[in-house]
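So this block is coords.csv, CSV, C-alpha atoms:
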```csv
chain,number,residue,atom,x,y,z
A,1,MET,CA,11.5,28.0,-12.6
A,2,LYS,CA,11.7,30.1,-9.4
A,3,GLN,CA,8.4,31.5,-8.2
A,4,SER,CA,7.8,34.0,-5.5
A,5,GLY,CA,4.9,34.3,-3.1
A,6,PHE,CA,2.6,31.6,-2.0
A,7,TYR,CA,1.3,28.9,-4.3
A,8,VAL,CA,0.0,25.3,-4.2
A,9,ARG,CA,0.5,22.6,-6.8
A,10,ARG,CA,0.9,18.9,-7.3
A,11,ALA,CA,4.3,17.8,-6.0
A,12,GLU,CA,7.2,16.7,-8.2
A,13,THR,CA,10.0,14.3,-7.1
A,14,ALA,CA,12.4,17.3,-6.7
A,15,ASP,CA,10.1,18.4,-3.8
A,16,ALA,CA,10.5,15.2,-1.9
A,17,GLU,CA,13.2,16.5,0.5
A,18,GLY,CA,11.1,19.5,1.5
A,19,ILE,CA,8.0,17.4,1.9
A,20,ALA,CA,9.8,14.9,4.1
A,21,ALA,CA,11.1,17.8,6.3
A,22,ILE,CA,7.6,19.3,6.7
A,23,THR,CA,6.1,15.9,7.4
A,24,ARG,CA,8.6,15.2,10.1
A,25,GLU,CA,8.1,18.6,11.7
A,26,ALA,CA,4.3,18.4,11.6
A,27,PHE,CA,4.2,14.8,12.9
A,28,ILE,CA,6.5,15.5,15.8
A,29,LYS,CA,3.9,18.1,16.9
A,30,TYR,CA,1.1,15.6,16.1
A,31,ALA,CA,2.6,13.0,18.3
A,32,GLU,CA,3.1,15.5,21.1
A,33,LEU,CA,-0.5,16.8,20.9
A,34,ALA,CA,-1.9,13.2,20.8
A,35,ASN,CA,0.4,12.2,23.7
A,36,LEU,CA,2.1,9.5,21.6
A,37,PRO,CA,5.7,8.4,21.9
A,38,THR,CA,6.0,8.2,18.1
A,39,VAL,CA,4.0,7.8,14.8
A,40,ASP,CA,4.7,5.9,11.6
A,41,ALA,CA,5.3,9.2,9.6
A,42,LEU,CA,8.4,9.9,11.6
A,43,ASP,CA,10.1,6.8,10.2
A,44,GLU,CA,9.5,7.8,6.6
A,45,THR,CA,12.4,8.3,4.2
A,46,VAL,CA,12.9,10.7,1.3
A,47,GLY,CA,12.7,7.7,-1.0
A,48,ALA,CA,9.3,6.8,0.4
A,49,VAL,CA,8.1,10.3,-0.3
A,50,LYS,CA,9.4,10.1,-3.9
A,51,ASP,CA,7.5,6.8,-4.3
A,52,ASP,CA,4.3,8.5,-3.1
A,53,ILE,CA,4.8,11.4,-5.5
A,54,LYS,CA,5.1,8.8,-8.3
A,55,ASN,CA,2.1,6.7,-7.2
A,56,LYS,CA,-0.3,9.0,-5.4
A,57,TYR,CA,-1.7,12.5,-5.7
A,58,VAL,CA,0.8,14.5,-3.6
A,59,TYR,CA,0.2,18.2,-3.1
A,60,ALA,CA,2.6,20.8,-1.7
A,61,ALA,CA,2.2,24.4,-0.6
A,62,PHE,CA,5.2,26.7,-1.2
A,63,LEU,CA,6.2,30.1,0.1
A,64,ASP,CA,9.0,31.6,-2.1
A,65,ASP,CA,9.8,28.1,-3.4
A,66,LYS,CA,10.1,26.6,0.1
A,67,VAL,CA,7.7,23.8,1.0
A,68,VAL,CA,5.5,24.9,3.9
A,69,GLY,CA,2.8,22.2,3.7
A,70,SER,CA,1.9,19.0,2.0
A,71,LEU,CA,-0.6,16.1,1.9
A,72,ARG,CA,-1.0,12.9,0.0
A,73,ILE,CA,-4.0,11.2,-1.4
A,74,GLU,CA,-4.4,7.6,-2.7
A,75,VAL,CA,-7.4,7.3,-5.1
A,76,ASN,CA,-9.3,4.1,-5.7
A,77,HIS,CA,-10.8,4.9,-9.1
A,78,THR,CA,-13.0,1.8,-9.1
A,79,GLU,CA,-14.7,2.6,-5.9
A,80,LYS,CA,-14.5,6.4,-6.4
A,81,THR,CA,-13.0,6.8,-2.9
A,82,ALA,CA,-9.8,8.4,-1.8
A,83,TYR,CA,-7.7,8.3,1.4
A,84,LEU,CA,-5.8,11.4,2.6
A,85,SER,CA,-2.6,11.0,4.6
A,86,ARG,CA,0.5,12.7,5.8
A,87,PHE,CA,-1.2,16.2,6.0
A,88,GLY,CA,1.3,18.6,7.5
A,89,VAL,CA,2.0,22.3,7.6
A,90,SER,CA,5.1,24.0,8.9
A,91,LEU,CA,4.7,25.1,12.5
A,92,ASP,CA,5.7,28.6,11.5
A,93,HIS,CA,2.9,28.7,8.8
A,94,GLN,CA,0.0,27.2,10.6
A,95,ASN,CA,-3.3,29.2,10.9
A,96,LEU,CA,-2.4,31.3,7.9
A,97,GLY,CA,-4.5,29.5,5.3
A,98,VAL,CA,-1.9,27.0,4.0
A,99,GLY,CA,-3.9,23.9,5.0
A,100,LYS,CA,-7.1,25.4,3.7
A,101,SER,CA,-5.4,26.2,0.4
A,102,LEU,CA,-4.2,22.6,0.1
A,103,MET,CA,-7.6,21.3,0.8
A,104,ASN,CA,-9.2,23.7,-1.7
A,105,LEU,CA,-7.0,22.2,-4.5
A,106,VAL,CA,-7.8,18.7,-3.3
A,107,ASP,CA,-11.5,19.4,-3.5
A,108,VAL,CA,-11.2,20.6,-7.1
A,109,ASP,CA,-9.2,17.5,-8.1
A,110,MET,CA,-11.4,15.0,-6.2
A,111,ARG,CA,-14.4,16.4,-8.0
A,112,SER,CA,-12.7,16.2,-11.4
A,113,LEU,CA,-11.7,12.6,-10.6
A,114,SER,CA,-15.3,11.8,-9.7
A,115,VAL,CA,-14.4,10.8,-6.2
A,116,LYS,CA,-17.4,10.4,-4.0
A,117,ARG,CA,-15.7,10.0,-0.6
A,118,LEU,CA,-12.5,11.4,0.8
A,119,CYS,CA,-11.4,9.7,4.0
A,120,LEU,CA,-8.7,10.1,6.6
A,121,HIS,CA,-7.7,9.2,10.2
A,122,THR,CA,-6.6,11.6,12.9
A,123,ALA,CA,-6.2,11.5,16.6
A,124,SER,CA,-9.6,12.1,18.2
A,125,LYS,CA,-7.9,13.9,21.1
A,126,VAL,CA,-6.5,16.7,19.0
A,127,GLY,CA,-9.4,19.1,18.9
A,128,SER,CA,-7.8,21.6,16.6
A,129,LEU,CA,-7.5,19.0,13.9
A,130,ILE,CA,-11.1,17.7,14.3
A,131,ILE,CA,-12.3,21.3,14.1
A,132,PHE,CA,-10.2,22.0,11.0
A,133,TYR,CA,-11.6,19.0,9.2
A,134,TYR,CA,-15.2,19.8,10.3
A,135,ARG,CA,-14.8,23.3,8.8
A,136,ARG,CA,-13.7,21.6,5.5
A,137,GLY,CA,-16.8,19.5,5.4
A,138,PHE,CA,-15.7,16.3,7.0
A,139,PHE,CA,-17.6,14.3,9.6
A,140,ILE,CA,-16.6,11.5,12.0
A,141,GLU,CA,-17.9,8.2,10.7
A,142,SER,CA,-16.3,6.1,13.4
A,143,THR,CA,-13.4,5.7,15.8
A,144,SER,CA,-11.0,2.9,16.5
A,145,ALA,CA,-8.0,2.2,18.7
A,146,ASP,CA,-6.2,0.0,16.1
A,147,LYS,CA,-2.9,2.0,16.4
A,148,GLY,CA,-2.9,2.0,20.2
A,149,TYR,CA,-4.8,5.3,20.5
A,150,VAL,CA,-8.2,6.5,19.6
A,151,ARG,CA,-8.3,7.7,16.0
A,152,ALA,CA,-11.3,9.3,14.3
A,153,PHE,CA,-12.2,8.1,10.8
A,154,LEU,CA,-13.4,11.2,9.0
A,155,VAL,CA,-15.2,11.3,5.7
A,156,LYS,CA,-16.1,14.1,3.2
A,157,GLU,CA,-18.7,13.3,0.6
A,158,TYR,CA,-18.7,14.9,-2.8
A,159,GLU,CA,-21.7,15.2,-5.1
A,160,ILE,CA,-20.8,14.2,-8.6
```

With the file now loaded, output its structure as structure tokens.
Amino acid sequence: MKQSGFYVRRAETADAEGIAAITREAFIKYAELANLPTVDALDETVGAVKDDIKNKYVYAAFLDDKVVGSLRIEVNHTEKTAYLSRFGVSLDHQNLGVGKSLMNLVDVDMRSLSVKRLCLHTASKVGSLIIFYYRRGFFIESTSADKGYVRAFLVKEYEI
């Protein structure tokens, strides 16, 4: 069913191509901001996105049925933890509330799943991302250079 306007929902396999395109666009910019030659997300196929949609919690933001943002979460139900990855917003739609809307839906779902900790990695050099996550309630728990650059490990704790 066609929808108009802006909305956020769990992704379906039919959204995979749009999610792959947004991920690629966002991670080209991420690599540039972090001064990296490339990042793993740029090698991802539409098939890998479809697999994630089937096996993870994948969320997408739409504007008039076009994907303008997405993110993925892998939940460890036993440990009540989750890991957020591949968060990207179209360059034309950044700083308009798309990322915040995605995170708001994630927060609702993480609480309903009794997740205690939502974790992620991001380049510590990219201040705009660190600030975005801090404003969403994350804090830096540690840093590492395991991927060849300094990444911050951020955590958001939920009370359940």

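Here atom CA of His93 of chain A and atom CA of Ile73 of chain A stand 21.4 Å from one another.
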
Which neighbours of Arg135 of chain A fall inside 12 Å, counting only C-alpha atoms, when residues of the same chain fewer than 6 positions from it are skipped, and could you give them as number ranges by chain? A: 99-100, 103-104, 128-129, 156

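Compared by their closest atoms to Ala123 of chain A, and using all atoms listed in the file, the residues A:Leu36, A:Leu96, A:Ala61, A:Val67 rank with A:Leu36 nearest.
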
Using only C-alpha atoms, find the one residue out of A:Leu105, A:His121, A:Ser85, A:Arg72 that sits nearest to Asp146 of chain A.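 Closest candidate: A:His121.
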
Point (-16.6, 10.1, 0.4) neighbourhood (9 Å, all atoms listed in the file) written as number ranges by chain: A: 80-82, 115-119, 155-158

Write the selection just made, keeping C-alpha atoms, as a tab-separated table (two decimals), keeping the file's coordinate frame?
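As written to disk, part28.tsv reads:
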```
chain	number	residue	atom	x	y	z
A	80	LYS	CA	-14.50	6.40	-6.40
A	81	THR	CA	-13.00	6.80	-2.90
A	82	ALA	CA	-9.80	8.40	-1.80
A	115	VAL	CA	-14.40	10.80	-6.20
A	116	LYS	CA	-17.40	10.40	-4.00
A	117	ARG	CA	-15.70	10.00	-0.60
A	118	LEU	CA	-12.50	11.40	0.80
A	119	CYS	CA	-11.40	9.70	4.00
A	155	VAL	CA	-15.20	11.30	5.70
A	156	LYS	CA	-16.10	14.10	3.20
A	157	GLU	CA	-18.70	13.30	0.60
A	158	TYR	CA	-18.70	14.90	-2.80
```

When distances are computed from all atoms listed in the file, which of A:Glu74, A:Asp92, A:Asp40, A:Glu79 shows the smallest separation from Ile22 of chain A? A:Asp92

Closest to Gly18 of chain A among A:Lys54, A:Lys125, A:His77, A:Lys66, using all atoms listed in the file?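 Under the stated criterion, the closest residue is A:Lys66.
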
Rounded to one decimal place, report the atom CA of Ser124 of chain A-atom CA of Asp51 of chain A distance in Å.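 Answer for the atom CA of Ser124 of chain A to atom CA of Asp51 of chain A separation: 28.8 Å.
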
If we count all atoms listed in the file and set the cut-off at 10 Å, which residues sit around Val68 of chain A, ignoring sequence neighbours fewer than 3 positions away in its own chain? Please answer as JSON, numbers by chain. {"A": [6, 8, 18, 19, 21, 22, 23, 60, 61, 62, 63, 64, 65, 88, 89, 90, 91, 92, 93, 94, 98, 99]}

Calculated over only C-alpha atoms, which of the candidates A:Leu113, A:Val106, A:Leu42, A:Leu71 has the smallest distance to Arg86 of chain A?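 Nearest to Arg86 of chain A: A:Leu71.
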
Expressed in Å to a single decimal, how great is the separation between atom CA of Asn76 of chain A and atom CA of Ala145 of chain A?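 Computing the Euclidean distance for atom CA of Asn76 of chain A and atom CA of Ala145 of chain A yields 24.5 Å.
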
Thr45 of chain A surroundings by all atoms listed in the file, 8 Å radius, close-in-sequence under 3 positions cut, as an NGL selection string: :A and (20 or 48-49)

With distances taken over all atoms listed in the file, which of A:Glu17, A:Gly69, A:Met110, A:Glu12 is nearest to Gly97 of chain A?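 Among the listed residues, the smallest separation from Gly97 of chain A belongs to A:Gly69.
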
Which polymer residues have any atom within 12 Å of an atom of Ala34 of chain A, counting only C-alpha atoms, with same-chain residues fewer than 2 positions away left out, as a list in words? Phe27, Ile28, Lys29, Tyr30, Ala31, Glu32, Leu36, Pro37, Thr38, Val39, Thr122, Ala123, Ser124, Lys125, Val126, Gly127, Ser128, Leu129, Gly148, Tyr149, Val150 and Arg151 of chain A

Write to file, as a PDB file, in the frame of the given file, the residues of the selection just made, with C-alpha atoms.
```pdb
ATOM      1  CA  PHE A  27       4.200  14.800  12.900  1.00  0.00           C
ATOM      2  CA  ILE A  28       6.500  15.500  15.800  1.00  0.00           C
ATOM      3  CA  LYS A  29       3.900  18.100  16.900  1.00  0.00           C
ATOM      4  CA  TYR A  30       1.100  15.600  16.100  1.00  0.00           C
ATOM      5  CA  ALA A  31       2.600  13.000  18.300  1.00  0.00           C
ATOM      6  CA  GLU A  32       3.100  15.500  21.100  1.00  0.00           C
ATOM      7  CA  LEU A  36       2.100   9.500  21.600  1.00  0.00           C
ATOM      8  CA  PRO A  37       5.700   8.400  21.900  1.00  0.00           C
ATOM      9  CA  THR A  38       6.000   8.200  18.100  1.00  0.00           C
ATOM     10  CA  VAL A  39       4.000   7.800  14.800  1.00  0.00           C
ATOM     11  CA  THR A 122      -6.600  11.600  12.900  1.00  0.00           C
ATOM     12  CA  ALA A 123      -6.200  11.500  16.600  1.00  0.00           C
ATOM     13  CA  SER A 124      -9.600  12.100  18.200  1.00  0.00           C
ATOM     14  CA  LYS A 125      -7.900  13.900  21.100  1.00  0.00           C
ATOM     15  CA  VAL A 126      -6.500  16.700  19.000  1.00  0.00           C
ATOM     16  CA  GLY A 127      -9.400  19.100  18.900  1.00  0.00           C
ATOM     17  CA  SER A 128      -7.800  21.600  16.600  1.00  0.00           C
ATOM     18  CA  LEU A 129      -7.500  19.000  13.900  1.00  0.00           C
ATOM     19  CA  GLY A 148      -2.900   2.000  20.200  1.00  0.00           C
ATOM     20  CA  TYR A 149      -4.800   5.300  20.500  1.00  0.00           C
ATOM     21  CA  VAL A 150      -8.200   6.500  19.600  1.00  0.00           C
ATOM     22  CA  ARG A 151      -8.300   7.700  16.000  1.00  0.00           C
TER      23      ARG A 151
END
```

Kindly complete segment 15-40 of chain A to N, CA and C atoms; the output should be written as a PDB file, keeping the file's coordinate frame.
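The result, stored in selection-v4.pdb:
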```
ATOM      1  N   ASP A  15      10.610  17.859  -5.075  1.00  0.00           N
ATOM      2  CA  ASP A  15      10.100  18.400  -3.800  1.00  0.00           C
ATOM      3  C   ASP A  15      10.151  17.482  -2.652  1.00  0.00           C
ATOM      4  N   ALA A  16      10.597  16.254  -2.884  1.00  0.00           N
ATOM      5  CA  ALA A  16      10.500  15.200  -1.900  1.00  0.00           C
ATOM      6  C   ALA A  16      11.254  15.559  -0.571  1.00  0.00           C
ATOM      7  N   GLU A  17      12.426  16.143  -0.667  1.00  0.00           N
ATOM      8  CA  GLU A  17      13.200  16.500   0.500  1.00  0.00           C
ATOM      9  C   GLU A  17      12.419  17.490   1.410  1.00  0.00           C
ATOM     10  N   GLY A  18      11.888  18.524   0.776  1.00  0.00           N
ATOM     11  CA  GLY A  18      11.100  19.500   1.500  1.00  0.00           C
ATOM     12  C   GLY A  18       9.853  18.949   2.110  1.00  0.00           C
ATOM     13  N   ILE A  19       9.199  18.047   1.374  1.00  0.00           N
ATOM     14  CA  ILE A  19       8.000  17.400   1.900  1.00  0.00           C
ATOM     15  C   ILE A  19       8.324  16.507   3.075  1.00  0.00           C
ATOM     16  N   ALA A  20       9.417  15.770   2.974  1.00  0.00           N
ATOM     17  CA  ALA A  20       9.800  14.900   4.100  1.00  0.00           C
ATOM     18  C   ALA A  20      10.116  15.744   5.336  1.00  0.00           C
ATOM     19  N   ALA A  21      10.757  16.888   5.169  1.00  0.00           N
ATOM     20  CA  ALA A  21      11.100  17.800   6.300  1.00  0.00           C
ATOM     21  C   ALA A  21       9.805  18.307   6.964  1.00  0.00           C
ATOM     22  N   ILE A  22       8.861  18.758   6.145  1.00  0.00           N
ATOM     23  CA  ILE A  22       7.600  19.300   6.700  1.00  0.00           C
ATOM     24  C   ILE A  22       6.809  18.192   7.370  1.00  0.00           C
ATOM     25  N   THR A  23       6.773  17.018   6.756  1.00  0.00           N
ATOM     26  CA  THR A  23       6.100  15.900   7.400  1.00  0.00           C
ATOM     27  C   THR A  23       6.627  15.565   8.717  1.00  0.00           C
ATOM     28  N   ARG A  24       7.944  15.513   8.793  1.00  0.00           N
ATOM     29  CA  ARG A  24       8.600  15.200  10.100  1.00  0.00           C
ATOM     30  C   ARG A  24       8.254  16.262  11.123  1.00  0.00           C
ATOM     31  N   GLU A  25       8.392  17.529  10.761  1.00  0.00           N
ATOM     32  CA  GLU A  25       8.100  18.600  11.700  1.00  0.00           C
ATOM     33  C   GLU A  25       6.648  18.554  12.183  1.00  0.00           C
ATOM     34  N   ALA A  26       5.731  18.380  11.256  1.00  0.00           N
ATOM     35  CA  ALA A  26       4.300  18.400  11.600  1.00  0.00           C
ATOM     36  C   ALA A  26       3.946  17.150  12.458  1.00  0.00           C
ATOM     37  N   PHE A  27       4.540  16.001  12.156  1.00  0.00           N
ATOM     38  CA  PHE A  27       4.200  14.800  12.900  1.00  0.00           C
ATOM     39  C   PHE A  27       4.869  14.664  14.238  1.00  0.00           C
ATOM     40  N   ILE A  28       5.965  15.362  14.439  1.00  0.00           N
ATOM     41  CA  ILE A  28       6.500  15.500  15.800  1.00  0.00           C
ATOM     42  C   ILE A  28       5.503  16.203  16.674  1.00  0.00           C
ATOM     43  N   LYS A  29       4.945  17.280  16.151  1.00  0.00           N
ATOM     44  CA  LYS A  29       3.900  18.100  16.900  1.00  0.00           C
ATOM     45  C   LYS A  29       2.658  17.231  17.075  1.00  0.00           C
ATOM     46  N   TYR A  30       2.235  16.503  16.046  1.00  0.00           N
ATOM     47  CA  TYR A  30       1.100  15.600  16.100  1.00  0.00           C
ATOM     48  C   TYR A  30       1.213  14.623  17.253  1.00  0.00           C
ATOM     49  N   ALA A  31       2.364  13.954  17.292  1.00  0.00           N
ATOM     50  CA  ALA A  31       2.600  13.000  18.300  1.00  0.00           C
ATOM     51  C   ALA A  31       2.560  13.601  19.718  1.00  0.00           C
ATOM     52  N   GLU A  32       3.117  14.809  19.821  1.00  0.00           N
ATOM     53  CA  GLU A  32       3.100  15.500  21.100  1.00  0.00           C
ATOM     54  C   GLU A  32       1.648  15.869  21.495  1.00  0.00           C
ATOM     55  N   LEU A  33       0.866  16.411  20.578  1.00  0.00           N
ATOM     56  CA  LEU A  33      -0.500  16.800  20.900  1.00  0.00           C
ATOM     57  C   LEU A  33      -1.389  15.571  21.215  1.00  0.00           C
ATOM     58  N   ALA A  34      -1.118  14.448  20.558  1.00  0.00           N
ATOM     59  CA  ALA A  34      -1.900  13.200  20.800  1.00  0.00           C
ATOM     60  C   ALA A  34      -1.313  12.401  21.951  1.00  0.00           C
ATOM     61  N   ASN A  35      -0.239  12.896  22.560  1.00  0.00           N
ATOM     62  CA  ASN A  35       0.400  12.200  23.700  1.00  0.00           C
ATOM     63  C   ASN A  35       0.897  10.814  23.286  1.00  0.00           C
ATOM     64  N   LEU A  36       1.582  10.759  22.137  1.00  0.00           N
ATOM     65  CA  LEU A  36       2.100   9.500  21.600  1.00  0.00           C
ATOM     66  C   LEU A  36       3.617   9.515  21.619  1.00  0.00           C
ATOM     67  N   PRO A  37       4.254   8.384  21.886  1.00  0.00           N
ATOM     68  CA  PRO A  37       5.700   8.400  21.900  1.00  0.00           C
ATOM     69  C   PRO A  37       6.275   8.553  20.452  1.00  0.00           C
ATOM     70  N   THR A  38       5.575   8.040  19.444  1.00  0.00           N
ATOM     71  CA  THR A  38       6.000   8.200  18.100  1.00  0.00           C
ATOM     72  C   THR A  38       4.815   7.874  17.142  1.00  0.00           C
ATOM     73  N   VAL A  39       4.967   8.167  15.860  1.00  0.00           N
ATOM     74  CA  VAL A  39       4.000   7.800  14.800  1.00  0.00           C
ATOM     75  C   VAL A  39       4.747   7.333  13.601  1.00  0.00           C
ATOM     76  N   ASP A  40       4.088   6.533  12.769  1.00  0.00           N
ATOM     77  CA  ASP A  40       4.700   5.900  11.600  1.00  0.00           C
ATOM     78  C   ASP A  40       5.372   6.985  10.679  1.00  0.00           C
TER      79      ASP A  40
END
```
